[in-house]
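Enquirer: My structure is stored as input34.cif, with mmCIF, N, CA and C atoms.
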```
data_data
#
loop_
_atom_site.group_PDB
_atom_site.id
_atom_site.type_symbol
_atom_site.label_atom_id
_atom_site.label_comp_id
_atom_site.auth_asym_id
_atom_site.auth_seq_id
_atom_site.Cartn_x
_atom_site.Cartn_y
_atom_site.Cartn_z
ATOM 1 N N MET A 24 92.415 -60.343 -57.137
ATOM 2 C CA MET A 24 91.119 -60.794 -56.665
ATOM 3 C C MET A 24 89.998 -59.920 -57.199
ATOM 4 N N GLY A 25 90.337 -58.921 -58.002
ATOM 5 C CA GLY A 25 89.298 -58.109 -58.600
ATOM 6 C C GLY A 25 88.906 -56.885 -57.788
ATOM 7 N N PHE A 26 89.666 -56.532 -56.770
ATOM 8 C CA PHE A 26 89.386 -55.352 -55.965
ATOM 9 C C PHE A 26 90.394 -54.266 -56.295
ATOM 10 N N SER A 27 90.006 -53.026 -56.046
ATOM 11 C CA SER A 27 90.937 -51.917 -56.234
ATOM 12 C C SER A 27 91.152 -51.221 -54.891
ATOM 13 N N GLU A 28 92.097 -50.292 -54.853
ATOM 14 C CA GLU A 28 92.365 -49.567 -53.605
ATOM 15 C C GLU A 28 91.157 -48.765 -53.146
ATOM 16 N N LYS A 29 90.260 -48.407 -54.080
ATOM 17 C CA LYS A 29 89.040 -47.677 -53.715
ATOM 18 C C LYS A 29 88.114 -48.522 -52.839
ATOM 19 N N ASP A 30 88.230 -49.849 -52.960
ATOM 20 C CA ASP A 30 87.386 -50.751 -52.178
ATOM 21 C C ASP A 30 87.854 -50.902 -50.730
ATOM 22 N N LEU A 31 89.066 -50.431 -50.446
ATOM 23 C CA LEU A 31 89.631 -50.574 -49.105
ATOM 24 C C LEU A 31 89.150 -49.473 -48.171
ATOM 25 N N GLN A 32 88.952 -49.836 -46.936
ATOM 26 C CA GLN A 32 88.717 -48.854 -45.884
ATOM 27 C C GLN A 32 90.106 -48.520 -45.352
ATOM 28 N N LYS A 33 90.538 -47.280 -45.545
ATOM 29 C CA LYS A 33 91.911 -46.889 -45.210
ATOM 30 C C LYS A 33 92.184 -47.081 -43.722
ATOM 31 N N LYS A 34 93.234 -47.860 -43.441
ATOM 32 C CA LYS A 34 93.642 -48.116 -42.067
ATOM 33 C C LYS A 34 95.088 -48.595 -42.114
ATOM 34 N N THR A 35 95.972 -47.915 -41.421
ATOM 35 C CA THR A 35 97.373 -48.309 -41.396
ATOM 36 C C THR A 35 97.680 -48.999 -40.078
ATOM 37 N N ILE A 36 98.020 -50.267 -40.175
ATOM 38 C CA ILE A 36 98.356 -51.073 -39.003
ATOM 39 C C ILE A 36 99.662 -51.796 -39.304
ATOM 40 N N PRO A 37 100.658 -51.711 -38.412
ATOM 41 C CA PRO A 37 101.896 -52.460 -38.656
ATOM 42 C C PRO A 37 101.680 -53.957 -38.447
ATOM 43 N N LEU A 38 102.191 -54.737 -39.379
ATOM 44 C CA LEU A 38 102.119 -56.199 -39.297
ATOM 45 C C LEU A 38 103.543 -56.738 -39.279
ATOM 46 N N PHE A 39 103.765 -57.758 -38.483
ATOM 47 C CA PHE A 39 105.098 -58.320 -38.344
ATOM 48 C C PHE A 39 105.115 -59.723 -38.917
ATOM 49 N N GLY A 40 106.070 -59.970 -39.818
ATOM 50 C CA GLY A 40 106.161 -61.260 -40.499
ATOM 51 C C GLY A 40 106.815 -62.324 -39.650
ATOM 52 N N PHE A 41 106.826 -63.543 -40.175
ATOM 53 C CA PHE A 41 107.382 -64.682 -39.462
ATOM 54 C C PHE A 41 108.873 -64.518 -39.189
ATOM 55 N N SER A 42 109.572 -63.823 -40.073
ATOM 56 C CA SER A 42 111.015 -63.666 -39.887
ATOM 57 C C SER A 42 111.373 -62.290 -39.327
ATOM 58 N N GLY A 43 110.380 -61.549 -38.804
ATOM 59 C CA GLY A 43 110.647 -60.281 -38.141
ATOM 60 C C GLY A 43 110.472 -59.045 -39.006
ATOM 61 N N GLU A 44 110.197 -59.198 -40.288
ATOM 62 C CA GLU A 44 110.010 -58.030 -41.156
ATOM 63 C C GLU A 44 108.696 -57.330 -40.810
ATOM 64 N N THR A 45 108.637 -56.044 -41.118
ATOM 65 C CA THR A 45 107.446 -55.251 -40.817
ATOM 66 C C THR A 45 106.847 -54.724 -42.115
ATOM 67 N N ALA A 46 105.517 -54.720 -42.171
ATOM 68 C CA ALA A 46 104.793 -54.124 -43.310
ATOM 69 C C ALA A 46 103.595 -53.380 -42.739
ATOM 70 N N ASN A 47 103.269 -52.246 -43.339
ATOM 71 C CA ASN A 47 102.077 -51.497 -42.936
ATOM 72 C C ASN A 47 100.925 -51.870 -43.849
ATOM 73 N N SER A 48 99.757 -52.036 -43.265
ATOM 74 C CA SER A 48 98.589 -52.371 -44.075
ATOM 75 C C SER A 48 98.157 -51.157 -44.894
ATOM 76 N N LEU A 49 97.572 -51.436 -46.062
ATOM 77 C CA LEU A 49 97.019 -50.379 -46.908
ATOM 78 C C LEU A 49 95.607 -50.026 -46.456
ATOM 79 N N GLY A 50 94.975 -50.969 -45.785
ATOM 80 C CA GLY A 50 93.603 -50.800 -45.327
ATOM 81 C C GLY A 50 92.999 -52.158 -45.082
ATOM 82 N N ASP A 51 91.681 -52.175 -44.918
ATOM 83 C CA ASP A 51 91.019 -53.460 -44.759
ATOM 84 C C ASP A 51 89.786 -53.521 -45.647
ATOM 85 N N ILE A 52 89.312 -54.743 -45.831
ATOM 86 C CA ILE A 52 88.175 -54.976 -46.707
ATOM 87 C C ILE A 52 87.386 -56.164 -46.159
ATOM 88 N N VAL A 53 86.077 -56.103 -46.301
ATOM 89 C CA VAL A 53 85.221 -57.208 -45.880
ATOM 90 C C VAL A 53 84.862 -58.024 -47.121
ATOM 91 N N ILE A 54 85.140 -59.322 -47.048
ATOM 92 C CA ILE A 54 84.915 -60.217 -48.183
ATOM 93 C C ILE A 54 84.129 -61.432 -47.702
ATOM 94 N N PRO A 55 83.087 -61.847 -48.440
ATOM 95 C CA PRO A 55 82.415 -63.089 -48.074
ATOM 96 C C PRO A 55 83.387 -64.258 -48.228
ATOM 97 N N THR A 56 83.479 -65.080 -47.193
ATOM 98 C CA THR A 56 84.436 -66.181 -47.178
ATOM 99 C C THR A 56 83.693 -67.480 -46.892
ATOM 100 N N TYR A 57 83.877 -68.458 -47.763
ATOM 101 C CA TYR A 57 83.196 -69.747 -47.662
ATOM 102 C C TYR A 57 84.200 -70.799 -47.214
ATOM 103 N N VAL A 58 83.969 -71.396 -46.050
ATOM 104 C CA VAL A 58 84.846 -72.445 -45.526
ATOM 105 C C VAL A 58 83.986 -73.538 -44.912
ATOM 106 N N GLY A 59 84.181 -74.754 -45.355
ATOM 107 C CA GLY A 59 83.512 -75.901 -44.760
ATOM 108 C C GLY A 59 82.004 -75.817 -44.729
ATOM 109 N N GLY A 60 81.395 -75.232 -45.752
ATOM 110 C CA GLY A 60 79.945 -75.123 -45.807
ATOM 111 C C GLY A 60 79.386 -73.904 -45.097
ATOM 112 N N VAL A 61 80.250 -73.073 -44.526
ATOM 113 C CA VAL A 61 79.812 -71.881 -43.794
ATOM 114 C C VAL A 61 80.297 -70.639 -44.544
ATOM 115 N N ASN A 62 79.390 -69.696 -44.782
ATOM 116 C CA ASN A 62 79.729 -68.451 -45.458
ATOM 117 C C ASN A 62 79.639 -67.311 -44.452
ATOM 118 N N LYS A 63 80.740 -66.585 -44.255
ATOM 119 C CA LYS A 63 80.788 -65.464 -43.305
ATOM 120 C C LYS A 63 81.407 -64.249 -43.986
ATOM 121 N N GLN A 64 81.016 -63.070 -43.516
ATOM 122 C CA GLN A 64 81.643 -61.833 -43.956
ATOM 123 C C GLN A 64 82.879 -61.623 -43.071
ATOM 124 N N ILE A 65 84.076 -61.696 -43.651
ATOM 125 C CA ILE A 65 85.315 -61.625 -42.893
ATOM 126 C C ILE A 65 86.080 -60.365 -43.295
ATOM 127 N N ARG A 66 86.595 -59.650 -42.297
ATOM 128 C CA ARG A 66 87.405 -58.447 -42.539
ATOM 129 C C ARG A 66 88.875 -58.853 -42.652
ATOM 130 N N TYR A 67 89.505 -58.471 -43.756
ATOM 131 C CA TYR A 67 90.909 -58.785 -44.015
ATOM 132 C C TYR A 67 91.734 -57.506 -44.063
ATOM 133 N N LEU A 68 92.936 -57.558 -43.513
ATOM 134 C CA LEU A 68 93.908 -56.483 -43.691
ATOM 135 C C LEU A 68 94.636 -56.755 -44.994
ATOM 136 N N VAL A 69 94.934 -55.698 -45.750
ATOM 137 C CA VAL A 69 95.585 -55.838 -47.048
ATOM 138 C C VAL A 69 96.953 -55.176 -46.982
ATOM 139 N N ILE A 70 97.984 -55.892 -47.469
ATOM 140 C CA ILE A 70 99.317 -55.307 -47.556
ATOM 141 C C ILE A 70 99.782 -55.354 -49.003
ATOM 142 N N ASP A 71 100.754 -54.510 -49.307
ATOM 143 C CA ASP A 71 101.358 -54.503 -50.628
ATOM 144 C C ASP A 71 102.766 -55.050 -50.465
ATOM 145 N N GLY A 72 102.984 -56.238 -50.954
ATOM 146 C CA GLY A 72 104.310 -56.820 -50.828
ATOM 147 C C GLY A 72 104.292 -58.273 -51.234
ATOM 148 N N PRO A 73 105.493 -58.838 -51.416
ATOM 149 C CA PRO A 73 105.558 -60.246 -51.798
ATOM 150 C C PRO A 73 105.107 -61.128 -50.645
ATOM 151 N N SER A 74 104.404 -62.187 -50.962
ATOM 152 C CA SER A 74 103.969 -63.118 -49.941
ATOM 153 C C SER A 74 103.795 -64.489 -50.552
ATOM 154 N N THR A 75 104.116 -65.493 -49.791
ATOM 155 C CA THR A 75 103.887 -66.856 -50.244
ATOM 156 C C THR A 75 102.487 -67.314 -49.874
ATOM 157 N N TYR A 76 101.775 -66.506 -49.092
ATOM 158 C CA TYR A 76 100.424 -66.836 -48.669
ATOM 159 C C TYR A 76 99.421 -65.945 -49.390
ATOM 160 N N ILE A 77 98.240 -66.476 -49.690
ATOM 161 C CA ILE A 77 97.158 -65.673 -50.246
ATOM 162 C C ILE A 77 96.466 -64.943 -49.104
ATOM 163 N N VAL A 78 96.256 -65.658 -48.011
ATOM 164 C CA VAL A 78 95.564 -65.098 -46.855
ATOM 165 C C VAL A 78 96.056 -65.809 -45.601
ATOM 166 N N ILE A 79 96.087 -65.080 -44.513
ATOM 167 C CA ILE A 79 96.392 -65.672 -43.218
ATOM 168 C C ILE A 79 95.161 -65.475 -42.344
ATOM 169 N N LEU A 80 94.600 -66.571 -41.894
ATOM 170 C CA LEU A 80 93.401 -66.514 -41.050
ATOM 171 C C LEU A 80 93.841 -66.456 -39.597
ATOM 172 N N GLY A 81 93.544 -65.353 -38.930
ATOM 173 C CA GLY A 81 93.994 -65.155 -37.563
ATOM 174 C C GLY A 81 92.867 -65.188 -36.557
ATOM 175 N N ARG A 82 93.108 -64.559 -35.422
ATOM 176 C CA ARG A 82 92.147 -64.581 -34.323
ATOM 177 C C ARG A 82 90.763 -64.067 -34.690
ATOM 178 N N PRO A 83 90.634 -62.965 -35.435
ATOM 179 C CA PRO A 83 89.270 -62.518 -35.770
ATOM 180 C C PRO A 83 88.465 -63.591 -36.513
ATOM 181 N N TRP A 84 89.106 -64.283 -37.460
ATOM 182 C CA TRP A 84 88.419 -65.351 -38.186
ATOM 183 C C TRP A 84 88.081 -66.503 -37.242
ATOM 184 N N LEU A 85 89.046 -66.895 -36.403
ATOM 185 C CA LEU A 85 88.808 -67.982 -35.450
ATOM 186 C C LEU A 85 87.616 -67.671 -34.551
ATOM 187 N N HIS A 86 87.541 -66.438 -34.050
ATOM 188 C CA HIS A 86 86.445 -66.049 -33.165
ATOM 189 C C HIS A 86 85.113 -66.042 -33.898
ATOM 190 N N GLN A 87 85.103 -65.472 -35.095
ATOM 191 C CA GLN A 87 83.854 -65.384 -35.844
ATOM 192 C C GLN A 87 83.337 -66.778 -36.224
ATOM 193 N N MET A 88 84.235 -67.693 -36.514
ATOM 194 C CA MET A 88 83.842 -69.058 -36.886
ATOM 195 C C MET A 88 83.624 -69.948 -35.664
ATOM 196 N N LYS A 89 83.935 -69.410 -34.473
ATOM 197 C CA LYS A 89 83.877 -70.209 -33.231
ATOM 198 C C LYS A 89 84.773 -71.441 -33.360
ATOM 199 N N ALA A 90 85.942 -71.220 -33.976
ATOM 200 C CA ALA A 90 86.873 -72.303 -34.263
ATOM 201 C C ALA A 90 87.804 -72.559 -33.085
ATOM 202 N N VAL A 91 88.256 -73.791 -32.999
ATOM 203 C CA VAL A 91 89.222 -74.202 -31.988
ATOM 204 C C VAL A 91 90.462 -74.695 -32.729
ATOM 205 N N PRO A 92 91.573 -73.941 -32.631
ATOM 206 C CA PRO A 92 92.786 -74.378 -33.316
ATOM 207 C C PRO A 92 93.597 -75.331 -32.438
ATOM 208 N N SER A 93 94.269 -76.276 -33.068
ATOM 209 C CA SER A 93 95.178 -77.164 -32.366
ATOM 210 C C SER A 93 96.495 -77.201 -33.118
ATOM 211 N N THR A 94 97.535 -76.625 -32.535
ATOM 212 C CA THR A 94 98.848 -76.677 -33.183
ATOM 213 C C THR A 94 99.409 -78.095 -33.130
ATOM 214 N N TYR A 95 99.092 -78.832 -32.071
ATOM 215 C CA TYR A 95 99.577 -80.203 -31.943
ATOM 216 C C TYR A 95 99.002 -81.085 -33.056
ATOM 217 N N HIS A 96 97.717 -80.963 -33.317
ATOM 218 C CA HIS A 96 97.065 -81.779 -34.340
ATOM 219 C C HIS A 96 97.074 -81.121 -35.717
ATOM 220 N N GLU A 97 97.597 -79.888 -35.788
ATOM 221 C CA GLU A 97 97.645 -79.128 -37.044
ATOM 222 C C GLU A 97 96.294 -79.070 -37.725
ATOM 223 N N CYS A 98 95.287 -78.632 -36.973
ATOM 224 C CA CYS A 98 93.963 -78.493 -37.562
ATOM 225 C C CYS A 98 93.167 -77.428 -36.818
ATOM 226 N N LYS A 99 92.068 -77.062 -37.417
ATOM 227 C CA LYS A 99 91.095 -76.153 -36.808
ATOM 228 C C LYS A 99 89.745 -76.830 -36.924
ATOM 229 N N LYS A 100 88.965 -76.801 -35.842
ATOM 230 C CA LYS A 100 87.625 -77.375 -35.857
ATOM 231 C C LYS A 100 86.632 -76.279 -35.528
ATOM 232 N N PHE A 101 85.489 -76.310 -36.220
ATOM 233 C CA PHE A 101 84.462 -75.309 -35.967
ATOM 234 C C PHE A 101 83.087 -75.906 -36.239
ATOM 235 N N PRO A 102 82.071 -75.376 -35.548
ATOM 236 C CA PRO A 102 80.727 -75.919 -35.722
ATOM 237 C C PRO A 102 80.091 -75.436 -37.018
ATOM 238 N N THR A 103 79.295 -76.311 -37.617
ATOM 239 C CA THR A 103 78.482 -75.964 -38.779
ATOM 240 C C THR A 103 77.076 -76.489 -38.503
ATOM 241 N N PRO A 104 76.100 -76.089 -39.297
ATOM 242 C CA PRO A 104 74.751 -76.646 -39.106
ATOM 243 C C PRO A 104 74.689 -78.162 -39.298
ATOM 244 N N TRP A 105 75.729 -78.758 -39.918
ATOM 245 C CA TRP A 105 75.744 -80.187 -40.231
ATOM 246 C C TRP A 105 76.678 -80.978 -39.327
ATOM 247 N N GLY A 106 77.271 -80.330 -38.343
ATOM 248 C CA GLY A 106 78.212 -81.007 -37.447
ATOM 249 C C GLY A 106 79.509 -80.222 -37.353
ATOM 250 N N VAL A 107 80.541 -80.852 -36.872
ATOM 251 C CA VAL A 107 81.840 -80.199 -36.695
ATOM 252 C C VAL A 107 82.683 -80.411 -37.944
ATOM 253 N N GLU A 108 83.208 -79.314 -38.481
ATOM 254 C CA GLU A 108 84.073 -79.353 -39.668
ATOM 255 C C GLU A 108 85.527 -79.254 -39.200
ATOM 256 N N THR A 109 86.418 -79.966 -39.882
ATOM 257 C CA THR A 109 87.843 -79.937 -39.563
ATOM 258 C C THR A 109 88.630 -79.490 -40.780
ATOM 259 N N ILE A 110 89.516 -78.519 -40.571
ATOM 260 C CA ILE A 110 90.455 -78.091 -41.613
ATOM 261 C C ILE A 110 91.828 -78.553 -41.153
ATOM 262 N N ARG A 111 92.476 -79.359 -41.957
ATOM 263 C CA ARG A 111 93.797 -79.885 -41.595
ATOM 264 C C ARG A 111 94.906 -79.078 -42.248
ATOM 265 N N GLY A 112 95.984 -78.902 -41.518
ATOM 266 C CA GLY A 112 97.149 -78.197 -42.029
ATOM 267 C C GLY A 112 98.004 -79.117 -42.879
ATOM 268 N N ALA A 113 98.917 -78.512 -43.613
ATOM 269 C CA ALA A 113 99.867 -79.260 -44.437
ATOM 270 C C ALA A 113 101.263 -78.781 -44.053
ATOM 271 N N GLN A 114 101.921 -79.518 -43.158
ATOM 272 C CA GLN A 114 103.185 -79.061 -42.605
ATOM 273 C C GLN A 114 104.260 -78.861 -43.668
ATOM 274 N N GLU A 115 104.357 -79.769 -44.626
ATOM 275 C CA GLU A 115 105.378 -79.630 -45.670
ATOM 276 C C GLU A 115 105.153 -78.352 -46.482
ATOM 277 N N GLU A 116 103.902 -78.074 -46.838
ATOM 278 C CA GLU A 116 103.595 -76.839 -47.577
ATOM 279 C C GLU A 116 103.906 -75.617 -46.733
ATOM 280 N N ALA A 117 103.532 -75.657 -45.450
ATOM 281 C CA ALA A 117 103.800 -74.532 -44.556
ATOM 282 C C ALA A 117 105.298 -74.293 -44.423
ATOM 283 N N ARG A 118 106.068 -75.354 -44.304
ATOM 284 C CA ARG A 118 107.519 -75.218 -44.198
ATOM 285 C C ARG A 118 108.085 -74.590 -45.473
ATOM 286 N N GLY A 119 107.588 -75.019 -46.634
ATOM 287 C CA GLY A 119 108.040 -74.441 -47.902
ATOM 288 C C GLY A 119 107.698 -72.962 -48.003
ATOM 289 N N CYS A 120 106.492 -72.576 -47.564
ATOM 290 C CA CYS A 120 106.092 -71.170 -47.578
ATOM 291 C C CYS A 120 106.984 -70.346 -46.657
ATOM 292 N N TYR A 121 107.291 -70.897 -45.490
ATOM 293 C CA TYR A 121 108.151 -70.200 -44.537
ATOM 294 C C TYR A 121 109.543 -69.976 -45.131
ATOM 295 N N LYS A 122 110.091 -70.992 -45.795
ATOM 296 C CA LYS A 122 111.409 -70.862 -46.415
ATOM 297 C C LYS A 122 111.396 -69.806 -47.515
ATOM 298 N N LYS A 123 110.324 -69.781 -48.314
ATOM 299 C CA LYS A 123 110.205 -68.763 -49.364
ATOM 300 C C LYS A 123 110.126 -67.370 -48.762
ATOM 301 N N ALA A 124 109.376 -67.228 -47.654
ATOM 302 C CA ALA A 124 109.257 -65.927 -46.990
ATOM 303 C C ALA A 124 110.612 -65.471 -46.488
ATOM 304 N N LEU A 125 111.416 -66.373 -45.957
ATOM 305 C CA LEU A 125 112.746 -66.011 -45.488
ATOM 306 C C LEU A 125 113.634 -65.547 -46.628
ATOM 307 N N LYS A 126 113.541 -66.214 -47.779
ATOM 308 C CA LYS A 126 114.350 -65.835 -48.943
ATOM 309 C C LYS A 126 113.974 -64.448 -49.442
ATOM 310 N N CYS A 127 112.691 -64.077 -49.345
ATOM 311 C CA CYS A 127 112.225 -62.761 -49.817
ATOM 312 C C CYS A 127 112.746 -61.633 -48.930
ATOM 313 N N THR A 128 112.991 -61.919 -47.657
ATOM 314 C CA THR A 128 113.357 -60.844 -46.724
ATOM 315 C C THR A 128 114.867 -60.771 -46.485
ATOM 316 N N THR A 129 115.619 -61.779 -46.881
ATOM 317 C CA THR A 129 117.061 -61.728 -46.677
ATOM 318 C C THR A 129 117.713 -61.231 -47.940
ATOM 319 N N SER A 130 118.704 -60.362 -47.773
ATOM 320 C CA SER A 130 119.426 -59.836 -48.925
ATOM 321 C C SER A 130 120.779 -60.513 -48.989
ATOM 322 N N PRO A 131 121.339 -60.652 -50.193
ATOM 323 C CA PRO A 131 122.635 -61.305 -50.331
ATOM 324 C C PRO A 131 123.718 -60.459 -49.672
ATOM 325 N N PRO A 132 124.786 -61.105 -49.174
ATOM 326 C CA PRO A 132 125.872 -60.352 -48.538
ATOM 327 C C PRO A 132 126.540 -59.400 -49.518
ATOM 328 N N ALA A 133 126.953 -58.240 -49.015
ATOM 329 C CA ALA A 133 127.570 -57.220 -49.873
ATOM 330 C C ALA A 133 129.030 -57.491 -50.117
#
```
As structure tokens, how would this structure be written, given the file I've shared?

Expert:
Amino acid sequence: MGFSEKDLQKKTIPLFGFSGETANSLGDIVIPTYVGGVNKQIRYLVIDGPSTYIVILGRPWLHQMKAVPSTYHECKKFPTPWGVETIRGAQEEARGCYKKALKCTTSPPA
């Protein structure tokens, strides 16, 4: 993404993956993030490791965007100056990412 470790604010926080693996963050960084016509400065935790995801938007992003997530409808809705924006999930893609994450953390039998 064009950033170096010098751009990070050093902070070590343990993060737990979907399949139970643990990774420590290298630090965090604030990046302007454009979603649905809204541009916000969002703080991201950075890890060093394989991932099938580019970014995971969690509670801090949801709060800052005033978003309402729905797991049942697989979407997030948030207000914009032009009305309510909806981001829809892609279950098949999410399932594929989850399977890839599991393959990265499991080792072959000895």

Enquirer: Go through the shown structure with the PyMOL selection byres (((chain A and resi 81 and name CA) around 12) and name CA) and write out the matching residues as a PDB file with N, CA and C atoms, in the coordinates of the input.

Expert:
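So out17.pdb came out as:
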```pdb
ATOM      1  N   ILE A  65      84.076 -61.696 -43.651  1.00  0.00           N
ATOM      2  CA  ILE A  65      85.315 -61.625 -42.893  1.00  0.00           C
ATOM      3  C   ILE A  65      86.080 -60.365 -43.295  1.00  0.00           C
ATOM      4  N   ARG A  66      86.595 -59.650 -42.297  1.00  0.00           N
ATOM      5  CA  ARG A  66      87.405 -58.447 -42.539  1.00  0.00           C
ATOM      6  C   ARG A  66      88.875 -58.853 -42.652  1.00  0.00           C
ATOM      7  N   TYR A  67      89.505 -58.471 -43.756  1.00  0.00           N
ATOM      8  CA  TYR A  67      90.909 -58.785 -44.015  1.00  0.00           C
ATOM      9  C   TYR A  67      91.734 -57.506 -44.063  1.00  0.00           C
ATOM     10  N   LEU A  68      92.936 -57.558 -43.513  1.00  0.00           N
ATOM     11  CA  LEU A  68      93.908 -56.483 -43.691  1.00  0.00           C
ATOM     12  C   LEU A  68      94.636 -56.755 -44.994  1.00  0.00           C
ATOM     13  N   VAL A  78      96.256 -65.658 -48.011  1.00  0.00           N
ATOM     14  CA  VAL A  78      95.564 -65.098 -46.855  1.00  0.00           C
ATOM     15  C   VAL A  78      96.056 -65.809 -45.601  1.00  0.00           C
ATOM     16  N   ILE A  79      96.087 -65.080 -44.513  1.00  0.00           N
ATOM     17  CA  ILE A  79      96.392 -65.672 -43.218  1.00  0.00           C
ATOM     18  C   ILE A  79      95.161 -65.475 -42.344  1.00  0.00           C
ATOM     19  N   LEU A  80      94.600 -66.571 -41.894  1.00  0.00           N
ATOM     20  CA  LEU A  80      93.401 -66.514 -41.050  1.00  0.00           C
ATOM     21  C   LEU A  80      93.841 -66.456 -39.597  1.00  0.00           C
ATOM     22  N   ARG A  82      93.108 -64.559 -35.422  1.00  0.00           N
ATOM     23  CA  ARG A  82      92.147 -64.581 -34.323  1.00  0.00           C
ATOM     24  C   ARG A  82      90.763 -64.067 -34.690  1.00  0.00           C
ATOM     25  N   PRO A  83      90.634 -62.965 -35.435  1.00  0.00           N
ATOM     26  CA  PRO A  83      89.270 -62.518 -35.770  1.00  0.00           C
ATOM     27  C   PRO A  83      88.465 -63.591 -36.513  1.00  0.00           C
ATOM     28  N   TRP A  84      89.106 -64.283 -37.460  1.00  0.00           N
ATOM     29  CA  TRP A  84      88.419 -65.351 -38.186  1.00  0.00           C
ATOM     30  C   TRP A  84      88.081 -66.503 -37.242  1.00  0.00           C
ATOM     31  N   LEU A  85      89.046 -66.895 -36.403  1.00  0.00           N
ATOM     32  CA  LEU A  85      88.808 -67.982 -35.450  1.00  0.00           C
ATOM     33  C   LEU A  85      87.616 -67.671 -34.551  1.00  0.00           C
ATOM     34  N   HIS A  86      87.541 -66.438 -34.050  1.00  0.00           N
ATOM     35  CA  HIS A  86      86.445 -66.049 -33.165  1.00  0.00           C
ATOM     36  C   HIS A  86      85.113 -66.042 -33.898  1.00  0.00           C
ATOM     37  N   GLN A  87      85.103 -65.472 -35.095  1.00  0.00           N
ATOM     38  CA  GLN A  87      83.854 -65.384 -35.844  1.00  0.00           C
ATOM     39  C   GLN A  87      83.337 -66.778 -36.224  1.00  0.00           C
ATOM     40  N   MET A  88      84.235 -67.693 -36.514  1.00  0.00           N
ATOM     41  CA  MET A  88      83.842 -69.058 -36.886  1.00  0.00           C
ATOM     42  C   MET A  88      83.624 -69.948 -35.664  1.00  0.00           C
ATOM     43  N   ALA A  90      85.942 -71.220 -33.976  1.00  0.00           N
ATOM     44  CA  ALA A  90      86.873 -72.303 -34.263  1.00  0.00           C
ATOM     45  C   ALA A  90      87.804 -72.559 -33.085  1.00  0.00           C
ATOM     46  N   VAL A  91      88.256 -73.791 -32.999  1.00  0.00           N
ATOM     47  CA  VAL A  91      89.222 -74.202 -31.988  1.00  0.00           C
ATOM     48  C   VAL A  91      90.462 -74.695 -32.729  1.00  0.00           C
ATOM     49  N   PRO A  92      91.573 -73.941 -32.631  1.00  0.00           N
ATOM     50  CA  PRO A  92      92.786 -74.378 -33.316  1.00  0.00           C
ATOM     51  C   PRO A  92      93.597 -75.331 -32.438  1.00  0.00           C
ATOM     52  N   LYS A  99      92.068 -77.062 -37.417  1.00  0.00           N
ATOM     53  CA  LYS A  99      91.095 -76.153 -36.808  1.00  0.00           C
ATOM     54  C   LYS A  99      89.745 -76.830 -36.924  1.00  0.00           C
TER      55      LYS A  99
END
```

Enquirer: Go ahead and compute the interatomic distance for CA of Glu44 (chain A) and CA of Gly119 (chain A), in Å to one decimal.

Expert: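 Interatomic distance here is 17.9 Å.
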
Enquirer: Let me make sure I understand: among A:Gly25, A:Gly60, A:Gly40, A:Gly50, which one has the smallest atom-to-atom distance to Trp105 (chain A) if we use all atoms listed in the file?

Expert: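 Of A:Gly25, A:Gly60, A:Gly40, A:Gly50, the one nearest Trp105 (chain A) is A:Gly60, counting all atoms listed in the file.
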
Enquirer: Residue by residue, what does the PyMOL selection byres ((chain A and resi 51) around 5) grab here? Present the result as number ranges by chain.

Expert: A: 31-32, 34, 49-50, 52-53, 67-69

Enquirer: Looking only at the backbone, which of the residues in region 25-124 of chain A does DSSP tag as helix (DSSP H, G or I), as JSON, numbers by chain?

Expert: {"A": [28, 29, 30, 82, 83, 84, 85, 86, 87, 88, 114, 115, 116, 117, 118, 119, 120, 121, 122, 123, 124]}

Enquirer: Quick one: residues within 9 Å of Ser42 (chain A), only C-alpha atoms, excluding same-chain residues fewer than 3 positions away - as a PDB file with N, CA and C atoms, in the coordinates of the input?

Expert:
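Saved file around.pdb follows:
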```pdb
ATOM      1  N   PHE A  39     103.765 -57.758 -38.483  1.00  0.00           N
ATOM      2  CA  PHE A  39     105.098 -58.320 -38.344  1.00  0.00           C
ATOM      3  C   PHE A  39     105.115 -59.723 -38.917  1.00  0.00           C
ATOM      4  N   TYR A 121     107.291 -70.897 -45.490  1.00  0.00           N
ATOM      5  CA  TYR A 121     108.151 -70.200 -44.537  1.00  0.00           C
ATOM      6  C   TYR A 121     109.543 -69.976 -45.131  1.00  0.00           C
ATOM      7  N   ALA A 124     109.376 -67.228 -47.654  1.00  0.00           N
ATOM      8  CA  ALA A 124     109.257 -65.927 -46.990  1.00  0.00           C
ATOM      9  C   ALA A 124     110.612 -65.471 -46.488  1.00  0.00           C
ATOM     10  N   LEU A 125     111.416 -66.373 -45.957  1.00  0.00           N
ATOM     11  CA  LEU A 125     112.746 -66.011 -45.488  1.00  0.00           C
ATOM     12  C   LEU A 125     113.634 -65.547 -46.628  1.00  0.00           C
ATOM     13  N   THR A 128     112.991 -61.919 -47.657  1.00  0.00           N
ATOM     14  CA  THR A 128     113.357 -60.844 -46.724  1.00  0.00           C
ATOM     15  C   THR A 128     114.867 -60.771 -46.485  1.00  0.00           C
TER      16      THR A 128
END
```

Enquirer: Rounded to one decimal, what separation in Å do you get between atom C of Ala113 (chain A) and atom N of Tyr57 (chain A)?

Expert: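 One can read the atom C of Ala113 (chain A) to atom N of Tyr57 (chain A) distance as 20.6 Å.
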
Enquirer: At what distance in Å, to one decimal, does CA of Ala117 (chain A) lie from CA of Gly43 (chain A)?

Expert: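 Separation of CA of Gly43 (chain A) and CA of Ala117 (chain A): 17.1 Å.
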
Enquirer: Among region 52-122 of chain A, which ones does DSSP assign to strand (DSSP E) (computed from the backbone)? Answer as a ChimeraX atom specification.

Expert: /A:52-58,61-69,91-93,98-103,106-111

Enquirer: Give the answer as one residue: which of A:Lys89, A:Thr94, A:Lys123, A:Lys29 has the shortest atom-to-atom distance to Val107 (chain A), using only C-alpha atoms?

Expert: A:Lys89
